[in-house]
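**Q** Contents of data-v7.cif (mmCIF, C-alpha atoms) are given next:
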data_start
loop_
_atom_site.label_atom_id
_atom_site.label_comp_id
_atom_site.auth_asym_id
_atom_site.auth_seq_id
_atom_site.Cartn_x
_atom_site.Cartn_y
_atom_site.Cartn_z
CA MET A 1 132.70 129.63 197.26
CA ALA A 2 135.98 128.15 196.11
CA ASN A 3 137.40 129.58 192.93
CA ILE A 4 139.98 128.40 190.50
CA ASP A 5 142.51 131.10 191.37
CA ASN A 6 142.69 130.26 195.08
CA THR A 7 142.75 126.49 194.53
CA ASN A 8 146.03 124.58 194.30
CA PHE A 9 145.52 121.52 192.12
CA ALA A 10 148.95 119.99 192.86
CA GLY A 11 148.59 116.22 193.18
CA LYS A 12 144.82 116.46 192.64
CA LYS A 13 142.64 114.95 189.96
CA ALA A 14 140.15 117.47 188.56
CA ILE A 15 137.14 116.37 186.55
CA VAL A 16 136.21 119.29 184.32
CA ARG A 17 132.91 119.64 182.48
CA VAL A 18 133.88 121.32 179.24
CA ASP A 19 131.72 122.14 176.23
CA PHE A 20 133.55 120.42 173.39
CA ASN A 21 130.40 120.15 171.28
CA VAL A 22 132.33 121.53 168.32
CA PRO A 23 131.12 121.44 164.70
CA LEU A 24 132.64 118.72 162.52
CA ASP A 25 132.73 118.29 158.76
CA GLU A 26 131.80 115.05 156.97
CA ASN A 27 135.31 113.72 157.64
CA GLY A 28 135.15 114.37 161.38
CA HIS A 29 137.44 117.42 161.24
CA ILE A 30 136.70 120.40 163.48
CA THR A 31 135.47 123.43 161.54
CA ASP A 32 135.40 125.86 164.50
CA ASP A 33 137.50 125.24 167.63
CA THR A 34 136.26 128.30 169.58
CA ARG A 35 134.90 126.16 172.42
CA ILE A 36 138.13 124.22 172.83
CA ARG A 37 140.21 127.40 172.88
CA GLY A 38 137.77 128.94 175.38
CA ALA A 39 138.46 126.18 177.92
CA LEU A 40 142.27 126.34 177.69
CA PRO A 41 142.94 128.87 180.49
CA THR A 42 141.16 126.63 183.03
CA LEU A 43 142.77 123.42 181.80
CA LYS A 44 146.26 124.89 181.63
CA LYS A 45 145.99 126.35 185.15
CA ILE A 46 145.19 122.91 186.57
CA LEU A 47 148.07 121.27 184.70
CA ALA A 48 150.48 124.08 185.61
CA ASP A 49 149.66 123.55 189.30
CA GLY A 50 150.67 119.90 188.97
CA GLY A 51 147.18 118.49 188.77
CA SER A 52 145.74 115.97 186.34
CA LEU A 53 142.71 116.42 184.11
CA ILE A 54 139.66 114.31 183.39
CA LEU A 55 137.67 115.99 180.63
CA MET A 56 134.00 115.24 180.07
CA SER A 57 131.64 116.68 177.47
CA HIS A 58 128.72 115.91 175.22
CA MET A 59 128.62 116.14 171.46
CA GLY A 60 125.47 116.42 169.38
CA LYS A 61 122.22 114.68 170.26
CA PRO A 62 122.75 110.91 170.26
CA LYS A 63 119.63 110.58 172.47
CA GLY A 64 121.08 108.17 174.98
CA LYS A 65 122.48 105.74 172.43
CA ILE A 66 125.97 105.03 171.13
CA ASN A 67 126.43 106.80 167.80
CA MET A 68 130.02 107.06 166.61
CA LYS A 69 129.11 110.08 164.50
CA TYR A 70 129.19 111.91 167.84
CA SER A 71 132.25 110.23 169.34
CA LEU A 72 134.62 112.56 171.16
CA GLY A 73 137.43 110.29 169.99
CA GLN A 74 137.33 112.35 166.79
CA ILE A 75 138.62 115.42 168.61
CA ARG A 76 141.24 113.80 170.87
CA GLU A 77 144.16 114.86 168.68
CA ALA A 78 142.87 118.43 168.39
CA VAL A 79 142.52 118.70 172.17
CA ALA A 80 146.02 117.28 172.62
CA GLU A 81 147.43 119.79 170.16
CA ALA A 82 145.63 122.69 171.88
CA LEU A 83 146.92 121.62 175.31
CA GLY A 84 150.41 120.76 174.08
CA THR A 85 150.36 117.34 175.74
CA ASP A 86 149.15 113.81 175.07
CA VAL A 87 145.49 113.08 175.79
CA LYS A 88 144.36 109.58 176.70
CA PHE A 89 140.87 108.54 175.59
CA VAL A 90 138.39 106.27 177.37
CA PRO A 91 135.74 104.87 175.00
CA ASP A 92 133.12 104.51 177.76
CA CYS A 93 132.61 107.32 180.26
CA MET A 94 131.24 104.85 182.84
CA LYS A 95 134.28 102.59 182.66
CA ALA A 96 137.10 105.00 183.41
CA GLN A 97 137.86 103.96 187.00
CA GLU A 98 141.15 102.25 186.17
CA ALA A 99 142.34 104.97 183.78
CA ALA A 100 141.46 107.68 186.30
CA ALA A 101 143.21 105.87 189.14
CA GLU A 102 146.41 105.57 187.07
CA LEU A 103 146.41 109.22 186.04
CA GLN A 104 149.60 111.03 187.05
CA PRO A 105 150.15 114.78 187.59
CA GLY A 106 150.22 116.57 184.25
CA GLN A 107 148.30 113.85 182.43
CA VAL A 108 144.98 114.27 180.65
CA LEU A 109 142.08 111.87 180.16
CA LEU A 110 139.17 112.51 177.77
CA LEU A 111 135.95 110.57 178.40
CA GLU A 112 133.64 109.42 175.63
CA ASN A 113 130.43 111.37 174.94
CA LEU A 114 128.35 111.61 178.11
CA ARG A 115 125.12 111.58 176.13
CA PHE A 116 125.72 108.02 174.93
CA TYR A 117 124.00 107.31 178.27
CA PRO A 118 120.41 108.55 178.79
CA GLU A 119 121.28 109.16 182.45
CA GLU A 120 123.30 112.23 181.47
CA GLU A 121 120.19 114.14 180.40
CA GLY A 122 117.95 112.27 182.83
CA LYS A 123 115.19 111.62 180.32
CA PRO A 124 113.37 108.27 180.14
CA VAL A 125 114.01 106.54 176.81
CA GLY A 126 111.34 104.76 174.75
CA ILE A 127 108.35 106.23 176.55
CA ASP A 128 106.34 109.37 175.84
CA LYS A 129 105.12 111.84 178.45
CA GLU A 130 101.52 110.86 177.70
CA ASP A 131 102.15 107.12 178.18
CA PRO A 132 100.99 105.38 181.37
CA GLY A 133 103.98 104.70 183.53
CA TYR A 134 105.91 107.77 182.39
CA ASP A 135 106.01 109.28 185.89
CA GLU A 136 107.43 106.06 187.32
CA ALA A 137 109.97 105.85 184.50
CA LYS A 138 111.00 109.45 185.13
CA LYS A 139 111.41 108.78 188.85
CA ALA A 140 113.54 105.70 188.15
CA MET A 141 115.66 107.66 185.67
CA LYS A 142 116.34 110.38 188.26
CA GLU A 143 117.72 107.72 190.61
CA SER A 144 119.85 106.28 187.79
CA GLN A 145 121.06 109.78 187.00
CA LYS A 146 122.32 110.18 190.57
CA GLU A 147 124.29 106.92 190.28
CA PHE A 148 125.68 108.04 186.92
CA ALA A 149 126.83 111.34 188.44
CA LYS A 150 128.26 109.55 191.48
CA THR A 151 130.38 107.34 189.23
CA LEU A 152 131.76 110.38 187.38
CA ALA A 153 132.47 112.14 190.68
CA GLY A 154 134.35 109.10 191.92
CA TYR A 155 137.08 109.63 189.33
CA ALA A 156 138.35 112.87 190.84
CA ASP A 157 139.08 115.01 193.90
CA ILE A 158 137.74 118.31 192.51
CA TYR A 159 134.88 119.22 190.17
CA VAL A 160 135.17 122.22 187.84
CA ASN A 161 132.32 123.33 185.60
CA ASP A 162 133.60 125.37 182.66
CA ALA A 163 130.73 124.58 180.26
CA PHE A 164 128.59 127.71 180.22
CA GLY A 165 126.90 126.51 177.04
CA THR A 166 125.18 123.73 179.02
CA ALA A 167 124.77 125.60 182.31
CA HIS A 168 121.02 125.94 181.74
CA ARG A 169 120.62 122.15 181.79
CA LYS A 170 120.20 120.16 185.01
CA HIS A 171 122.19 117.24 183.63
CA ALA A 172 124.29 114.73 185.54
CA SER A 173 127.60 116.33 184.55
CA THR A 174 126.49 119.96 184.83
CA ALA A 175 124.57 119.99 188.11
CA VAL A 176 123.87 116.64 189.80
CA ILE A 177 127.57 115.73 190.08
CA ALA A 178 128.18 118.78 192.28
CA ASP A 179 126.24 117.08 195.10
CA TYR A 180 129.16 114.68 195.53
CA PHE A 181 131.73 117.40 196.27
CA ASP A 182 131.90 119.73 199.26
CA GLN A 183 131.97 123.49 198.75
CA ASP A 184 135.79 123.65 198.81
CA HIS A 185 136.09 121.09 196.02
CA LYS A 186 133.70 122.40 193.35
CA MET A 187 133.92 125.64 191.41
CA PRO A 188 133.36 127.38 188.09
CA GLY A 189 136.22 127.56 185.61
CA TYR A 190 137.64 130.74 184.10
CA LEU A 191 135.35 130.60 181.07
CA MET A 192 132.26 130.20 183.23
CA GLU A 193 133.37 133.13 185.40
CA LYS A 194 133.92 135.31 182.31
CA GLU A 195 130.48 134.43 180.95
CA VAL A 196 128.76 135.28 184.24
CA THR A 197 130.66 138.59 184.43
CA ALA A 198 129.68 139.44 180.84
CA VAL A 199 126.01 138.80 181.60
CA ASP A 200 126.29 140.90 184.78
CA ASN A 201 127.70 143.75 182.68
CA ILE A 202 124.62 143.55 180.47
CA LEU A 203 122.04 143.19 183.23
CA SER A 204 123.49 144.91 186.29
CA ASP A 205 126.18 147.34 185.19
CA ILE A 206 124.47 149.04 182.28
CA LYS A 207 126.16 152.03 180.66
CA ARG A 208 123.68 153.98 178.55
CA PRO A 209 122.48 154.11 175.88
CA PHE A 210 121.86 150.32 175.86
CA THR A 211 121.10 148.80 172.45
CA ALA A 212 120.05 145.17 172.06
CA ILE A 213 119.86 143.46 168.68
CA MET A 214 117.66 140.37 168.49
CA GLY A 215 117.67 138.50 165.19
CA GLY A 216 116.75 135.09 163.89
CA SER A 217 113.76 133.56 162.22
CA LYS A 218 111.21 133.29 165.03
CA VAL A 219 109.96 135.82 167.53
CA SER A 220 108.55 132.94 169.61
CA THR A 221 112.03 131.67 170.52
CA LYS A 222 113.12 135.11 171.73
CA ILE A 223 109.99 136.31 173.52
CA GLY A 224 111.35 135.70 177.03
CA ILE A 225 114.53 137.66 176.43
CA ILE A 226 112.69 140.43 174.53
CA GLU A 227 110.29 140.94 177.43
CA ASN A 228 113.10 140.97 180.01
CA LEU A 229 115.14 143.42 177.95
CA MET A 230 112.19 145.75 177.50
CA ASP A 231 112.75 147.05 181.04
CA LYS A 232 116.45 147.61 180.47
CA VAL A 233 117.20 148.81 176.93
CA ASP A 234 116.98 152.19 175.26
CA ASN A 235 116.99 150.75 171.73
CA LEU A 236 115.73 147.34 170.65
CA ILE A 237 116.50 146.17 167.12
CA LEU A 238 114.43 143.22 165.93
CA CYS A 239 115.73 141.79 162.67
CA GLY A 240 116.10 138.65 160.61
CA GLY A 241 113.16 136.43 159.75
CA MET A 242 111.04 137.69 162.64
CA THR A 243 110.85 141.04 160.78
CA TYR A 244 108.13 139.64 158.55
CA THR A 245 105.91 138.46 161.40
CA PHE A 246 105.87 142.07 162.60
CA ALA A 247 105.31 143.39 159.07
CA LYS A 248 102.31 141.11 158.54
CA ALA A 249 100.93 141.87 162.00
CA THR A 250 100.80 145.57 161.13
CA GLY A 251 98.98 144.91 157.86
CA GLY A 252 101.91 144.55 155.48
CA LYS A 253 102.40 142.31 152.44
CA ILE A 254 105.31 139.89 152.92
CA GLY A 255 105.15 137.65 149.85
CA ASN A 256 106.68 134.25 150.61
CA SER A 257 108.71 135.47 153.58
CA ILE A 258 108.97 133.37 156.70
CA CYS A 259 106.22 134.22 159.18
CA GLU A 260 104.72 132.87 162.40
CA ASP A 261 101.04 133.38 161.69
CA ASP A 262 100.08 132.34 165.23
CA LYS A 263 102.32 135.06 166.71
CA LEU A 264 100.83 138.12 165.01
CA GLN A 265 99.11 139.31 168.19
CA LEU A 266 102.32 138.73 170.14
CA ALA A 267 104.13 141.01 167.67
CA LEU A 268 101.51 143.72 168.18
CA ASP A 269 101.83 143.34 171.96
CA ILE A 270 105.62 143.82 171.74
CA ILE A 271 105.17 146.97 169.65
CA ALA A 272 102.67 148.34 172.19
CA LYS A 273 104.86 147.43 175.15
CA ALA A 274 107.91 149.16 173.63
CA LYS A 275 105.87 152.30 173.06
CA ALA A 276 104.52 152.24 176.62
CA LYS A 277 108.00 151.85 178.09
CA GLY A 278 109.62 154.46 175.85
CA VAL A 279 111.87 151.95 174.10
CA ASN A 280 113.00 152.86 170.59
CA LEU A 281 111.90 149.76 168.65
CA VAL A 282 113.75 149.40 165.34
CA LEU A 283 112.10 146.96 162.95
CA GLY A 284 113.64 148.08 159.69
CA SER A 285 111.84 149.67 156.75
CA ASP A 286 113.24 147.82 153.75
CA CYS A 287 114.75 144.47 152.84
CA ILE A 288 116.56 142.59 150.13
CA ALA A 289 114.01 140.22 148.69
CA ALA A 290 114.78 137.17 146.56
CA ASP A 291 112.75 135.10 144.11
CA SER A 292 114.03 131.86 145.71
CA PHE A 293 115.90 130.68 148.80
CA SER A 294 119.27 130.57 147.12
CA ASN A 295 122.51 132.54 147.11
CA ASP A 296 122.12 132.92 143.34
CA ALA A 297 118.50 134.12 143.42
CA LYS A 298 117.37 137.28 141.68
CA THR A 299 117.07 140.14 144.16
CA MET A 300 115.34 143.46 144.64
CA VAL A 301 115.21 146.07 147.38
CA CYS A 302 111.68 146.72 148.56
CA PRO A 303 109.78 147.84 151.67
CA SER A 304 109.66 145.13 154.35
CA ASP A 305 105.89 145.44 154.41
CA ASN A 306 105.36 145.41 150.64
CA ILE A 307 107.09 142.34 149.23
CA PRO A 308 105.69 141.03 145.92
CA ASP A 309 104.04 137.61 145.74
CA GLY A 310 106.58 134.88 145.04
CA TRP A 311 109.42 136.86 146.66
CA GLN A 312 110.83 136.56 150.17
CA GLY A 313 112.88 138.85 152.39
CA LEU A 314 116.34 137.38 153.05
CA ASP A 315 118.35 140.34 154.33
CA ALA A 316 118.12 143.90 155.63
CA GLY A 317 117.93 146.66 153.02
CA PRO A 318 120.13 149.80 152.82
CA ASP A 319 117.70 152.09 154.67
CA THR A 320 117.31 149.51 157.43
CA ILE A 321 121.08 149.21 157.75
CA ASN A 322 121.27 152.98 158.28
CA GLU A 323 118.56 152.71 160.96
CA PHE A 324 120.55 149.96 162.68
CA ARG A 325 123.71 152.04 162.66
CA LYS A 326 121.93 155.04 164.20
CA ALA A 327 120.81 152.85 167.12
CA ILE A 328 124.15 151.05 167.56
CA LEU A 329 126.87 153.69 167.13
CA PRO A 330 126.00 155.93 170.13
CA ALA A 331 125.46 152.93 172.44
CA LYS A 332 127.65 152.25 175.47
CA THR A 333 126.21 148.77 176.13
CA ILE A 334 125.41 146.42 173.24
CA LEU A 335 123.96 142.91 173.12
CA TRP A 336 123.70 141.01 169.83
CA ASN A 337 121.90 137.71 169.46
CA GLY A 338 120.79 136.57 166.03
CA PRO A 339 121.62 137.59 162.43
CA ALA A 340 119.84 140.14 160.23
CA GLY A 341 119.45 137.78 157.30
CA VAL A 342 120.53 134.50 155.75
CA PHE A 343 124.18 135.27 156.43
CA GLU A 344 125.25 131.77 155.37
CA PHE A 345 124.61 132.98 151.80
CA ASP A 346 127.29 135.57 150.98
CA ASN A 347 124.83 137.61 148.91
CA PHE A 348 122.55 137.99 151.94
CA ALA A 349 125.15 138.62 154.63
CA GLY A 350 125.27 142.41 154.19
CA GLY A 351 122.87 143.26 157.01
CA SER A 352 124.62 141.03 159.53
CA ARG A 353 128.02 142.36 158.44
CA ALA A 354 126.79 145.95 158.84
CA ILE A 355 125.60 145.17 162.39
CA ALA A 356 128.98 143.63 163.21
CA GLU A 357 130.85 146.62 161.76
CA ALA A 358 128.73 149.09 163.73
CA ILE A 359 129.27 147.11 166.94
CA VAL A 360 133.02 147.07 166.36
CA GLU A 361 133.01 150.84 165.76
CA ALA A 362 130.99 151.46 168.93
CA THR A 363 133.28 149.14 170.90
CA THR A 364 136.32 151.06 169.67
CA ASN A 365 134.62 154.18 171.01
CA GLY A 366 134.22 152.68 174.48
CA ALA A 367 131.07 150.55 174.42
CA PHE A 368 130.83 147.15 176.12
CA SER A 369 129.63 144.67 173.50
CA LEU A 370 128.46 141.12 174.11
CA VAL A 371 127.86 138.82 171.14
CA GLY A 372 126.15 135.53 171.93
CA GLY A 373 124.19 132.72 170.35
CA GLY A 374 125.51 130.34 167.73
CA ASP A 375 124.56 132.30 164.62
CA SER A 376 125.83 135.64 165.94
CA VAL A 377 129.13 134.05 166.96
CA ALA A 378 129.34 132.43 163.52
CA CYS A 379 128.78 135.88 162.01
CA VAL A 380 131.62 137.63 163.84
CA ASN A 381 133.90 134.68 163.13
CA LYS A 382 132.95 134.68 159.45
CA PHE A 383 133.60 138.41 159.19
CA GLY A 384 136.87 138.19 161.17
CA MET A 385 135.61 140.55 163.87
CA ALA A 386 135.49 138.29 166.96
CA ASP A 387 138.57 139.95 168.46
CA SER A 388 137.13 143.43 167.95
CA VAL A 389 134.09 143.14 170.26
CA SER A 390 134.24 143.09 174.06
CA TYR A 391 133.11 139.53 174.59
CA VAL A 392 131.95 136.59 172.47
CA SER A 393 129.83 134.17 174.50
CA THR A 394 130.13 130.41 174.06
CA GLY A 395 126.59 129.95 175.32
CA GLY A 396 123.47 129.90 173.17
CA GLY A 397 120.47 128.81 175.18
CA ALA A 398 122.37 129.36 178.42
CA LEU A 399 123.09 132.98 177.53
CA LEU A 400 119.46 133.63 176.60
CA GLU A 401 118.16 132.11 179.84
CA ALA A 402 120.68 134.08 181.90
CA ILE A 403 119.62 137.32 180.23
CA GLU A 404 116.00 136.35 180.79
CA GLY A 405 116.91 136.40 184.48
CA LYS A 406 116.62 132.66 185.05
CA THR A 407 118.80 130.76 187.52
CA LEU A 408 121.14 128.43 185.64
CA PRO A 409 121.45 125.01 187.35
CA GLY A 410 125.09 124.54 186.30
CA ILE A 411 126.10 127.78 188.00
CA ALA A 412 123.90 127.35 191.07
CA ALA A 413 125.30 123.84 191.63
CA VAL A 414 128.93 124.94 191.99
CA LYS A 415 127.92 127.96 194.04
CA GLY A 416 126.07 125.65 196.44
CA ASP A 417 122.82 127.61 196.22
CA LYS A 418 120.67 125.25 194.14
#
As structure tokens, how would this structure be written, given the file I've shared?

**A**
Amino acid sequence: MANIDNTNFAGKKAIVRVDFNVPLDENGHITDDTRIRGALPTLKKILADGGSLILMSHMGKPKGKINMKYSLGQIREAVAEALGTDVKFVPDCMKAQEAAAELQPGQVLLLENLRFYPEEEGKPVGIDKEDPGYDEAKKAMKESQKEFAKTLAGYADIYVNDAFGTAHRKHASTAVIADYFDQDHKMPGYLMEKEVTAVDNILSDIKRPFTAIMGGSKVSTKIGIIENLMDKVDNLILCGGMTYTFAKATGGKIGNSICEDDKLQLALDIIAKAKAKGVNLVLGSDCIAADSFSNDAKTMVCPSDNIPDGWQGLDAGPDTINEFRKAILPAKTILWNGPAGVFEFDNFAGGSRAIAEAIVEATTNGAFSLVGGGDSVACVNKFGMADSVSYVSTGGGALLEAIEGKTLPGIAAVKGDK
């Protein structure tokens, strides 16, 4: 497999799939440029070699239609500033032939949002799966997707995929396009390589004890990763909103706390499986409950399984934080995905902050720590601790699927083993 280090891009046009799906405020200004900064090593290597860049990305979910709210034109200046060079912008990703042909070494072209075309995702538009004719529409869309990818491929000599955050999608720009390049002219970028190495450290090169922290509101969205980790971890912390599904499943009172009532048996099965495999399952014994979903709500500390009616658990309590620390501090491998509470509210960010602080302390003492998933990344950024953990992943769903052990189409495509 070709790699970016042994490739000389001099005089070559490289089309790079980046993940510039950055958050914007109401004025179209970037509020977190982590993803842009993450792609810079790859982009600067190509330019330093004397190559030219064609950047392609999605933004948001325009669902195959033009929606200027999601235009990548909004970030052109920020990308130019990050790269230290002018960036040309093409307002239609399918009409960039002339601009690409004129591109000179050292120049950069940014294409408009790929998802303004339904062919990028390859999903038929205006027809439901249950409708007659859906299968035919899907088949026709797959053919259109190939043509879409072929057009993109025609702009460049080399394809580089540096968008780990979309590597779990078999989209035109993340997987199908690779069919139009031979094995010497397609490769992962530096960011993609770092992400794959970080996942390998978690799954294949485990230093023990291994502690995984899974947070968030729903156990159902994390069940695949929880089950895969059960065979690998020594300690498994389950926190955040899913805490209350487990509390109710074991007979507790959870007041108005979030709960998946149809997943109570699943929660019991996870508890039983952890016990059978000798995994130390940490669910937390107390919480900070609030009388409303608000930063300014009245609060009380109470057992996670005995929350008064009209109150809801919004953060981990002090005893639970101590339990988390006991499982995190001795660890030599740590994975964190999902917050311990409603960290967006400053008054309910204490549990998530305590997790971050414990991870930083363990990392300082020699642990390998991987933080991934949008909310966890937002946590370490909010607390100013992103530079104090081993690795912060840019991938959300892609990271989870990789840790579940699934093959990611965007990685398989550039490796040539799809």

**Q** Taking 2 positions as the minimum chain separation for residues in the same chain, which residues sit within 10 Å of segment 247-259 of chain A when counting all atoms listed in the file? Answer as a compact mmCIF listing (two decimals) with C-alpha atoms, keeping the file's coordinate frame.

**A**
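Final file, out-v4.txt:
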# COMPACT_ATOMS: atom_id res chain seq x y z
CA SER A 217 113.76 133.56 162.22
CA LYS A 218 111.21 133.29 165.03
CA VAL A 219 109.96 135.82 167.53
CA GLY A 240 116.10 138.65 160.61
CA GLY A 241 113.16 136.43 159.75
CA MET A 242 111.04 137.69 162.64
CA THR A 243 110.85 141.04 160.78
CA TYR A 244 108.13 139.64 158.55
CA THR A 245 105.91 138.46 161.40
CA ASP A 261 101.04 133.38 161.69
CA ASP A 262 100.08 132.34 165.23
CA LYS A 263 102.32 135.06 166.71
CA LEU A 264 100.83 138.12 165.01
CA GLN A 265 99.11 139.31 168.19
CA LEU A 266 102.32 138.73 170.14
CA ALA A 267 104.13 141.01 167.67
CA LEU A 268 101.51 143.72 168.18
CA ILE A 271 105.17 146.97 169.65
CA LEU A 283 112.10 146.96 162.95
CA GLY A 284 113.64 148.08 159.69
CA SER A 285 111.84 149.67 156.75
CA ALA A 289 114.01 140.22 148.69
CA ALA A 290 114.78 137.17 146.56
CA ASP A 291 112.75 135.10 144.11
CA SER A 292 114.03 131.86 145.71
CA PHE A 293 115.90 130.68 148.80
CA PRO A 303 109.78 147.84 151.67
CA SER A 304 109.66 145.13 154.35
CA ASP A 305 105.89 145.44 154.41
CA ASN A 306 105.36 145.41 150.64
CA ILE A 307 107.09 142.34 149.23
CA PRO A 308 105.69 141.03 145.92
CA ASP A 309 104.04 137.61 145.74
CA GLY A 310 106.58 134.88 145.04
CA TRP A 311 109.42 136.86 146.66
CA GLN A 312 110.83 136.56 150.17
CA GLY A 313 112.88 138.85 152.39
CA LEU A 314 116.34 137.38 153.05

**Q** From the list A:Leu281, A:Ala48, A:Ala99, A:Ile334, which residue is nearest Ala212 of chain A when using only C-alpha atoms?

**A** A:Ile334

**Q** Centre and edge lengths, as lines of an AutoDock Vina configuration file, for the axis-aligned box enclosing every listed atom of segment 333-342 of chain A with 8 Å of padding on each of the six sides, in Å to one decimal?

**A**
center_x = 122.8
center_y = 141.6
center_z = 165.9
size_x = 22.8
size_y = 30.3
size_z = 36.4

**Q** Any chance you could resolve the PyMOL selection byres ((chain A and resi 188-194) around 6) against this file and give the residues as a list in words?

**A**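 Listing what the PyMOL selection byres ((chain A and resi 188-194) around 6) selects in the shown file: Thr42, Val160, Asn161, Asp162, Phe164, Met187, Glu195, Val196 and Thr197 of chain A.
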
**Q** Starting from the shown file, work through the PyMOL selection byres ((chain A and resi 168-179) around 6) and note down what comes out as a PyMOL selection string.

**A** chain A and resi 120-121+149+166-167+180-181+398+408-410+413

**Q** Just how far from atom CA of Lys277 of chain A is atom CA of Asp234 of chain A, in Å to one decimal?

**A**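 Between atom CA of Asp234 of chain A and atom CA of Lys277 of chain A the gap is 9.4 Å.
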
**Q** Taking (134.7, 144.5, 163.0) in the file's coordinates as the center, which residues reach within 6 Å of it, counting all atoms listed in the file, put as number ranges by chain?

**A** A: 356-357, 360, 385, 388

**Q** So what does the PyMOL selection byres ((chain A and resi 119) around 8) actually pick up in this one, as a ChimeraX atom specification?

**A** /A:64,115,117-118,120-123,141-142,144-145,148,172

**Q** Output C-alpha atoms for every residue in the selection just made, as a PDB file, in the coordinates of the input.

**A**
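Output file again.pdb follows:
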ATOM      1  CA  GLY A  64     121.080 108.170 174.980  1.00  0.00           C
ATOM      2  CA  ARG A 115     125.120 111.580 176.130  1.00  0.00           C
ATOM      3  CA  TYR A 117     124.000 107.310 178.270  1.00  0.00           C
ATOM      4  CA  PRO A 118     120.410 108.550 178.790  1.00  0.00           C
ATOM      5  CA  GLU A 120     123.300 112.230 181.470  1.00  0.00           C
ATOM      6  CA  GLU A 121     120.190 114.140 180.400  1.00  0.00           C
ATOM      7  CA  GLY A 122     117.950 112.270 182.830  1.00  0.00           C
ATOM      8  CA  LYS A 123     115.190 111.620 180.320  1.00  0.00           C
ATOM      9  CA  MET A 141     115.660 107.660 185.670  1.00  0.00           C
ATOM     10  CA  LYS A 142     116.340 110.380 188.260  1.00  0.00           C
ATOM     11  CA  SER A 144     119.850 106.280 187.790  1.00  0.00           C
ATOM     12  CA  GLN A 145     121.060 109.780 187.000  1.00  0.00           C
ATOM     13  CA  PHE A 148     125.680 108.040 186.920  1.00  0.00           C
ATOM     14  CA  ALA A 172     124.290 114.730 185.540  1.00  0.00           C
TER      15      ALA A 172
END

**Q** What is the atom CA of Ser52 of chain A to atom CA of Asn6 of chain A distance in Å?

**A**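 Between atom CA of Ser52 of chain A and atom CA of Asn6 of chain A the gap works out to 17.0 Å.
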
**Q** Please indicate the distance in Å from atom CA of Lys382 of chain A to atom CA of Ala354 of chain A, rounded to one decimal place.

**A**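 Atom CA of Lys382 of chain A sits 12.9 Å away from atom CA of Ala354 of chain A.
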
**Q** Every residue with an atom at most 10 Å from (107.4, 141.5, 174.1) (file coordinates; all atoms listed in the file) is what I'm after, so could you write them as a list in words?

**A**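 Protein and nucleic acid residues near the point are Val219, Ser220, Lys222, Ile223, Gly224, Ile225, Ile226, Glu227, Asn228, Leu229, Met230, Leu266, Ala267, Leu268, Asp269, Ile270, Ile271, Ala272, Lys273 and Ala274 of chain A.
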
**Q** Please determine, counting all atoms listed in the file, which residue among A:Leu83, A:Ile359, A:Ala163, A:Leu47 has the shortest atom-to-atom distance to Leu329 of chain A.

**A**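 So, comparing all the options, the nearest one is A:Ile359.
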
**Q** So that I can check the surroundings of Gln104 of chain A, please list as a PyMOL selection string every protein, DNA and RNA residue that reaches within 9 Å of it, counting all atoms listed in the file and ignoring chain neighbours fewer than 3 positions away.

**A** chain A and resi 11+13+51-52+100-101+107-108

**Q** May I ask which of the residues A:Ala358, A:Leu399, A:Ser294, A:Ile206 is the closest one to Lys332 of chain A, counting only C-alpha atoms?

**A**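 Between A:Ala358, A:Leu399, A:Ser294, A:Ile206, the residue approaching Lys332 of chain A most closely is A:Ile206.
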
**Q** Find the residues near segment 58-61 of chain A: any atom within 8 Å, counting only C-alpha atoms, skip ones fewer than 6 places away on the same chain, and give them as a list in words.

**A**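 In the requested form, the answer reads Asp19, Phe20, Asn21, Val22, Tyr70, Ser71, Leu72, Asn113, Leu114 and Arg115 of chain A.
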
**Q** Have a look at A:Asp200, A:Lys138, A:Gly28, A:Glu98 and name the one nearest to Gly154 of chain A; count only C-alpha atoms.

**A**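 Smallest distance to Gly154 of chain A is found for A:Glu98.
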